[in-house]
Amino acid sequence: MRVFIAEKPSVAKAIAEILGATNKKDGYIECGSDYVTWCFGHMFEQAEPDEYTPDNVPRNESGKKIWREDELPIIPEKWIINPREDAEKQLKTIRHLVERADTIVNAGDPDREGQLLVDEILDDMGCTKPVLRYWCNANDTVSVTRALKGLENNDKYVNFGRAALARGRADWLVGMNLSRGFTLSAARGGSRVLLTVGRVQTPTLALVVARDLEIENFKPIPYHNIKAVFKHDKGAFVAAWQAREDQPGLDSEGRLIDTKEADKLVAALTGKSGKVVEYKQEPKKKYHPKAYSLGSITAVASSKFGYSGEQVLAICQSLYETHKLTSYPRSDSSYLPESQHADAPQILDSLRVTYPGIAALIDKADPKVKSKTFDDSKVTAHHGIIPTMHKGNVERLTPEERNIYDLIVRTYLAQFYPVHEYKATSIIIDVNGETFGAGGRVTTKNGWKDVYSDGEDEEEKENESEQTLPSMRNGDEIICAQAQRQDAKTKAPRRF
């Protein structure tokens, strides 16, 4: 008899569907000789400091021990975890099933916390029975079936849980000790405010405060740019003036701040002839955008749709857990395992059903193309977020879910398009000893950029100022038809 312990009911349900659910009970599902039960996230929590401090510490009106510097730092010799109040009933069910089982299967989410939350249940029970690990990055039937066929020894993954345990204990030590220490220190000066300190919270807050102060104290500095329209026999274009190191009127950052000097340059350059000092044109390629990690899709969704990090995570979780349309969302990797490449034809077929509105783009995708995103050496515990083989219906998604799903799908499709190719052109011009420079590009093969309806990939926006430069040769005569001073000011840094 095998007992699968899933991190949450939705994962338990996905496993039970493949195993063949025969009877649903209170807290578990029977699947023939197998049983599938579940947690509700972490079922245990760290003990409060009161359980580690001496019994003779005085208590306040609520029965809690008072905070004293005498007890700091609180460093447990033996760590205590307690069942969450709302988890006791389900823990009893899990314990009952584990006692009857021959083999346990840890079906926590495929990450550090998912490993720990099942391992700590088994450790608390003193379980010595064989434990296997179910490791699955998606909840569609193909992925679940594959993971069930590939169960491995749980010992292979135990260090993931230890990492989560270390992180949790570090958070506890920093939070519990420093929050008390700073609060008590402030109280000596008459403060009655609780000062919370966190291992992540406090340095993050410090970065935000430092940036806020930088913005508050920012004073814009006016400066000048000089641009000019140049005329060549084969066409006109715009180039920007490049200051010499000994140019009068520059500040310490190399900006031209002297208005008179700027006007003098404009007057001296307009209408003058010059020469092409350097003209270069070379073919270049831009490789496919990487798959999304949680961090990268959060950044894009924030910029494009104004979604918060919390919103993006909730949407990605829903696409993964509820709709089964995308892979595990809490990934820090933007790469895909090379074995995933073989799944491309099936995923593309599923996308035709799920997202018929972009069928033309799907049909142009060539699953034989293998982008550099498929790289085993760069995949961490999880691969990038991609569509699954589950055949759903995009019309059932909320507008927010559809926006995020569209980002994930298009970036996946881009992997199976040709590389984007273009000719990059650069030019250096000399006019009366002053230097101007310009750059441009001409697309020769749009490749994977065809996938993006707005003409821009989400990984990197193109420089809007780029232009198409006429064909020239070194030494060609050129006319500075019109130089112009452009006034600007330095800008305050953006808020995070």
# chains A, B, ... in the order shown; residues from 1 in each chain; ligands from 1
>>> residues_around(residues="Val312 in chain A", least_positions_apart="2", cutoff="8 Å", atoms="only C-alpha atoms", output="list in words")
Ile297, Thr298, Ala301, Tyr307, Ser308, Gly309, Glu310, Ala314, Ile315, Cys316 and Ile404 of chain A
>>> select_by_dssp(residues="range 301-433 of chain A", states="helix (DSSP H, G or I)", output="VMD selection string")
chain A and resid 301 to 305 309 to 321 338 to 354 356 to 364 376 to 378 394 to 396 399 to 414
>>> residues_around(residues="Tyr412 in chain A", least_positions_apart="2", cutoff="8 Å", atoms="only C-alpha atoms", output="short mmCIF file (atom, residue, chain, number, x, y, z; two decimals) with C-alpha atoms, in the first residue's frame")
data_model
loop_
_atom_site.label_atom_id
_atom_site.label_comp_id
_atom_site.auth_asym_id
_atom_site.auth_seq_id
_atom_site.Cartn_x
_atom_site.Cartn_y
_atom_site.Cartn_z
CA ALA A 291 11.38 31.34 -20.89
CA ILE A 386 5.80 27.17 -20.12
CA PRO A 387 2.41 25.96 -21.41
CA ILE A 408 3.88 32.64 -21.44
CA VAL A 409 2.52 31.15 -24.68
CA ARG A 410 4.16 33.68 -26.99
CA ALA A 414 9.25 32.09 -29.96
CA GLN A 415 11.58 29.16 -29.15
CA PHE A 416 10.46 27.43 -32.37
#
>>> atom_distance(atom1="CA of Thr270 in chain A", atom2="CA of Gln482 in chain A")
4.9 Å
>>> select_by_dssp(residues="range 50-118 of chain A", states="strand (DSSP E or B)", output="PyMOL selection string")
chain A and resi 59+65+81-83+103-107
>>> atom_distance(atom1="CA of Ala240 in chain A", atom2="CA of Gly437 in chain A")
5.4 Å
>>> closest_residue(among="A:Val197, A:Leu117, A:Ile81, A:Leu469", to="Val238 in chain A", atoms="only C-alpha atoms")
A:Leu469
>>> atom_distance(atom1="CA of Asp70 in chain A", atom2="CA of Leu165 in chain A")
27.3 Å
>>> closest_residue(among="A:Tyr355, A:Ile215, A:Pro337, A:Lys285", to="Val442 in chain A", atoms="only C-alpha atoms")
A:Lys285
>>> residues_around(residues="Arg169 in chain A", least_positions_apart="2", cutoff="12 Å", atoms="only C-alpha atoms", output="list in words")
Glu45, Gln46, Ala47, Ile74, Ile75, Pro76, Lys78, Trp79, Ile80, Ile81, Arg162, Ala163, Ala164, Leu165, Ala166, Arg167, Asp171, Trp172, Leu173, Val174, Gly175, Met176, Asn177, Gly198 and Arg199 of chain A
>>> closest_residue(among="A:Tyr452, A:Tyr422, A:Phe436, A:Tyr35", to="Arg100 in chain A", atoms="only C-alpha atoms")
A:Tyr35
>>> closest_residue(among="A:Phe4, A:Phe305, A:Tyr223, A:Tyr335", to="Cys39 in chain A", atoms="only C-alpha atoms")
A:Phe4
>>> decode(residues="range 28-64 of chain A", atoms="N, CA and C atoms", output="PDB file, in the first residue's frame")
ATOM      1  N   TYR A  28      -8.864  12.141   2.387  1.00  0.00           N
ATOM      2  CA  TYR A  28      -8.029  11.349   1.485  1.00  0.00           C
ATOM      3  C   TYR A  28      -8.890  10.734   0.384  1.00  0.00           C
ATOM      4  N   ILE A  29      -8.201  10.199  -0.641  1.00  0.00           N
ATOM      5  CA  ILE A  29      -8.881   9.555  -1.766  1.00  0.00           C
ATOM      6  C   ILE A  29      -8.316   8.153  -1.929  1.00  0.00           C
ATOM      7  N   GLU A  30      -9.202   7.167  -2.017  1.00  0.00           N
ATOM      8  CA  GLU A  30      -8.776   5.795  -2.276  1.00  0.00           C
ATOM      9  C   GLU A  30      -8.607   5.608  -3.781  1.00  0.00           C
ATOM     10  N   CYS A  31      -7.499   4.973  -4.145  1.00  0.00           N
ATOM     11  CA  CYS A  31      -7.226   4.686  -5.562  1.00  0.00           C
ATOM     12  C   CYS A  31      -6.786   3.228  -5.658  1.00  0.00           C
ATOM     13  N   GLY A  32      -7.719   2.323  -5.505  1.00  0.00           N
ATOM     14  CA  GLY A  32      -7.373   0.909  -5.459  1.00  0.00           C
ATOM     15  C   GLY A  32      -6.560   0.631  -4.207  1.00  0.00           C
ATOM     16  N   SER A  33      -5.333   0.138  -4.390  1.00  0.00           N
ATOM     17  CA  SER A  33      -4.477  -0.155  -3.237  1.00  0.00           C
ATOM     18  C   SER A  33      -3.666   1.057  -2.795  1.00  0.00           C
ATOM     19  N   ASP A  34      -3.766   2.150  -3.543  1.00  0.00           N
ATOM     20  CA  ASP A  34      -3.066   3.385  -3.187  1.00  0.00           C
ATOM     21  C   ASP A  34      -4.019   4.365  -2.511  1.00  0.00           C
ATOM     22  N   TYR A  35      -3.420   5.237  -1.696  1.00  0.00           N
ATOM     23  CA  TYR A  35      -4.203   6.277  -1.026  1.00  0.00           C
ATOM     24  C   TYR A  35      -3.515   7.623  -1.263  1.00  0.00           C
ATOM     25  N   VAL A  36      -4.324   8.629  -1.527  1.00  0.00           N
ATOM     26  CA  VAL A  36      -3.785   9.972  -1.753  1.00  0.00           C
ATOM     27  C   VAL A  36      -4.391  10.919  -0.726  1.00  0.00           C
ATOM     28  N   THR A  37      -3.536  11.535   0.064  1.00  0.00           N
ATOM     29  CA  THR A  37      -3.992  12.516   1.047  1.00  0.00           C
ATOM     30  C   THR A  37      -3.261  13.832   0.789  1.00  0.00           C
ATOM     31  N   TRP A  38      -3.525  14.812   1.604  1.00  0.00           N
ATOM     32  CA  TRP A  38      -2.976  16.136   1.302  1.00  0.00           C
ATOM     33  C   TRP A  38      -2.753  16.978   2.548  1.00  0.00           C
ATOM     34  N   CYS A  39      -1.917  17.977   2.361  1.00  0.00           N
ATOM     35  CA  CYS A  39      -1.688  19.002   3.386  1.00  0.00           C
ATOM     36  C   CYS A  39      -2.411  20.276   2.949  1.00  0.00           C
ATOM     37  N   PHE A  40      -2.341  21.262   3.787  1.00  0.00           N
ATOM     38  CA  PHE A  40      -2.806  22.605   3.425  1.00  0.00           C
ATOM     39  C   PHE A  40      -1.609  23.542   3.587  1.00  0.00           C
ATOM     40  N   GLY A  41      -0.581  23.336   2.754  1.00  0.00           N
ATOM     41  CA  GLY A  41       0.657  24.068   2.964  1.00  0.00           C
ATOM     42  C   GLY A  41       1.365  23.501   4.188  1.00  0.00           C
ATOM     43  N   HIS A  42       2.139  24.314   4.868  1.00  0.00           N
ATOM     44  CA  HIS A  42       2.858  23.857   6.063  1.00  0.00           C
ATOM     45  C   HIS A  42       1.874  23.508   7.170  1.00  0.00           C
ATOM     46  N   MET A  43       2.023  22.307   7.711  1.00  0.00           N
ATOM     47  CA  MET A  43       1.123  21.845   8.781  1.00  0.00           C
ATOM     48  C   MET A  43       1.717  22.115  10.159  1.00  0.00           C
ATOM     49  N   PHE A  44       2.992  22.481  10.192  1.00  0.00           N
ATOM     50  CA  PHE A  44       3.659  22.805  11.455  1.00  0.00           C
ATOM     51  C   PHE A  44       4.157  24.242  11.407  1.00  0.00           C
ATOM     52  N   GLU A  45       4.375  24.816  12.582  1.00  0.00           N
ATOM     53  CA  GLU A  45       4.947  26.159  12.669  1.00  0.00           C
ATOM     54  C   GLU A  45       5.984  26.181  13.780  1.00  0.00           C
ATOM     55  N   GLN A  46       6.930  27.108  13.669  1.00  0.00           N
ATOM     56  CA  GLN A  46       7.971  27.232  14.686  1.00  0.00           C
ATOM     57  C   GLN A  46       7.360  27.629  16.028  1.00  0.00           C
ATOM     58  N   ALA A  47       7.903  27.068  17.089  1.00  0.00           N
ATOM     59  CA  ALA A  47       7.444  27.430  18.433  1.00  0.00           C
ATOM     60  C   ALA A  47       7.799  28.877  18.740  1.00  0.00           C
ATOM     61  N   GLU A  48       6.991  29.509  19.581  1.00  0.00           N
ATOM     62  CA  GLU A  48       7.254  30.880  20.014  1.00  0.00           C
ATOM     63  C   GLU A  48       8.440  30.896  20.992  1.00  0.00           C
ATOM     64  N   PRO A  49       9.117  32.040  21.126  1.00  0.00           N
ATOM     65  CA  PRO A  49      10.248  32.131  22.064  1.00  0.00           C
ATOM     66  C   PRO A  49       9.891  31.734  23.496  1.00  0.00           C
ATOM     67  N   ASP A  50       8.625  31.917  23.884  1.00  0.00           N
ATOM     68  CA  ASP A  50       8.217  31.550  25.250  1.00  0.00           C
ATOM     69  C   ASP A  50       8.540  30.099  25.582  1.00  0.00           C
ATOM     70  N   GLU A  51       8.571  29.234  24.578  1.00  0.00           N
ATOM     71  CA  GLU A  51       8.840  27.819  24.831  1.00  0.00           C
ATOM     72  C   GLU A  51      10.325  27.545  25.053  1.00  0.00           C
ATOM     73  N   TYR A  52      11.166  28.545  24.809  1.00  0.00           N
ATOM     74  CA  TYR A  52      12.609  28.381  24.973  1.00  0.00           C
ATOM     75  C   TYR A  52      13.167  29.160  26.172  1.00  0.00           C
ATOM     76  N   THR A  53      12.445  30.163  26.629  1.00  0.00           N
ATOM     77  CA  THR A  53      12.947  30.995  27.727  1.00  0.00           C
ATOM     78  C   THR A  53      12.616  30.355  29.074  1.00  0.00           C
ATOM     79  N   PRO A  54      13.366  30.713  30.135  1.00  0.00           N
ATOM     80  CA  PRO A  54      13.170  30.083  31.450  1.00  0.00           C
ATOM     81  C   PRO A  54      11.744  30.244  31.985  1.00  0.00           C
ATOM     82  N   ASP A  55      11.317  29.280  32.786  1.00  0.00           N
ATOM     83  CA  ASP A  55       9.959  29.307  33.347  1.00  0.00           C
ATOM     84  C   ASP A  55       9.762  30.442  34.339  1.00  0.00           C
ATOM     85  N   ASN A  56      10.872  30.966  34.908  1.00  0.00           N
ATOM     86  CA  ASN A  56      10.722  32.012  35.933  1.00  0.00           C
ATOM     87  C   ASN A  56      10.594  33.421  35.348  1.00  0.00           C
ATOM     88  N   VAL A  57      10.546  33.536  34.009  1.00  0.00           N
ATOM     89  CA  VAL A  57      10.343  34.860  33.403  1.00  0.00           C
ATOM     90  C   VAL A  57       8.917  35.317  33.711  1.00  0.00           C
ATOM     91  N   PRO A  58       8.747  36.526  34.260  1.00  0.00           N
ATOM     92  CA  PRO A  58       7.401  37.027  34.591  1.00  0.00           C
ATOM     93  C   PRO A  58       6.511  37.093  33.351  1.00  0.00           C
ATOM     94  N   ARG A  59       5.210  36.986  33.580  1.00  0.00           N
ATOM     95  CA  ARG A  59       4.247  37.022  32.481  1.00  0.00           C
ATOM     96  C   ARG A  59       3.405  38.289  32.549  1.00  0.00           C
ATOM     97  N   ASN A  60       2.915  38.729  31.382  1.00  0.00           N
ATOM     98  CA  ASN A  60       2.047  39.908  31.345  1.00  0.00           C
ATOM     99  C   ASN A  60       0.588  39.496  31.528  1.00  0.00           C
ATOM    100  N   GLU A  61      -0.319  40.443  31.369  1.00  0.00           N
ATOM    101  CA  GLU A  61      -1.740  40.173  31.614  1.00  0.00           C
ATOM    102  C   GLU A  61      -2.315  39.114  30.678  1.00  0.00           C
ATOM    103  N   SER A  62      -1.767  39.013  29.488  1.00  0.00           N
ATOM    104  CA  SER A  62      -2.285  38.021  28.531  1.00  0.00           C
ATOM    105  C   SER A  62      -1.672  36.639  28.728  1.00  0.00           C
ATOM    106  N   GLY A  63      -0.781  36.514  29.705  1.00  0.00           N
ATOM    107  CA  GLY A  63      -0.163  35.227  29.985  1.00  0.00           C
ATOM    108  C   GLY A  63       1.130  34.975  29.240  1.00  0.00           C
ATOM    109  N   LYS A  64       1.541  35.917  28.404  1.00  0.00           N
ATOM    110  CA  LYS A  64       2.799  35.776  27.667  1.00  0.00           C
ATOM    111  C   LYS A  64       3.964  36.235  28.539  1.00  0.00           C
TER     112      LYS A  64
END
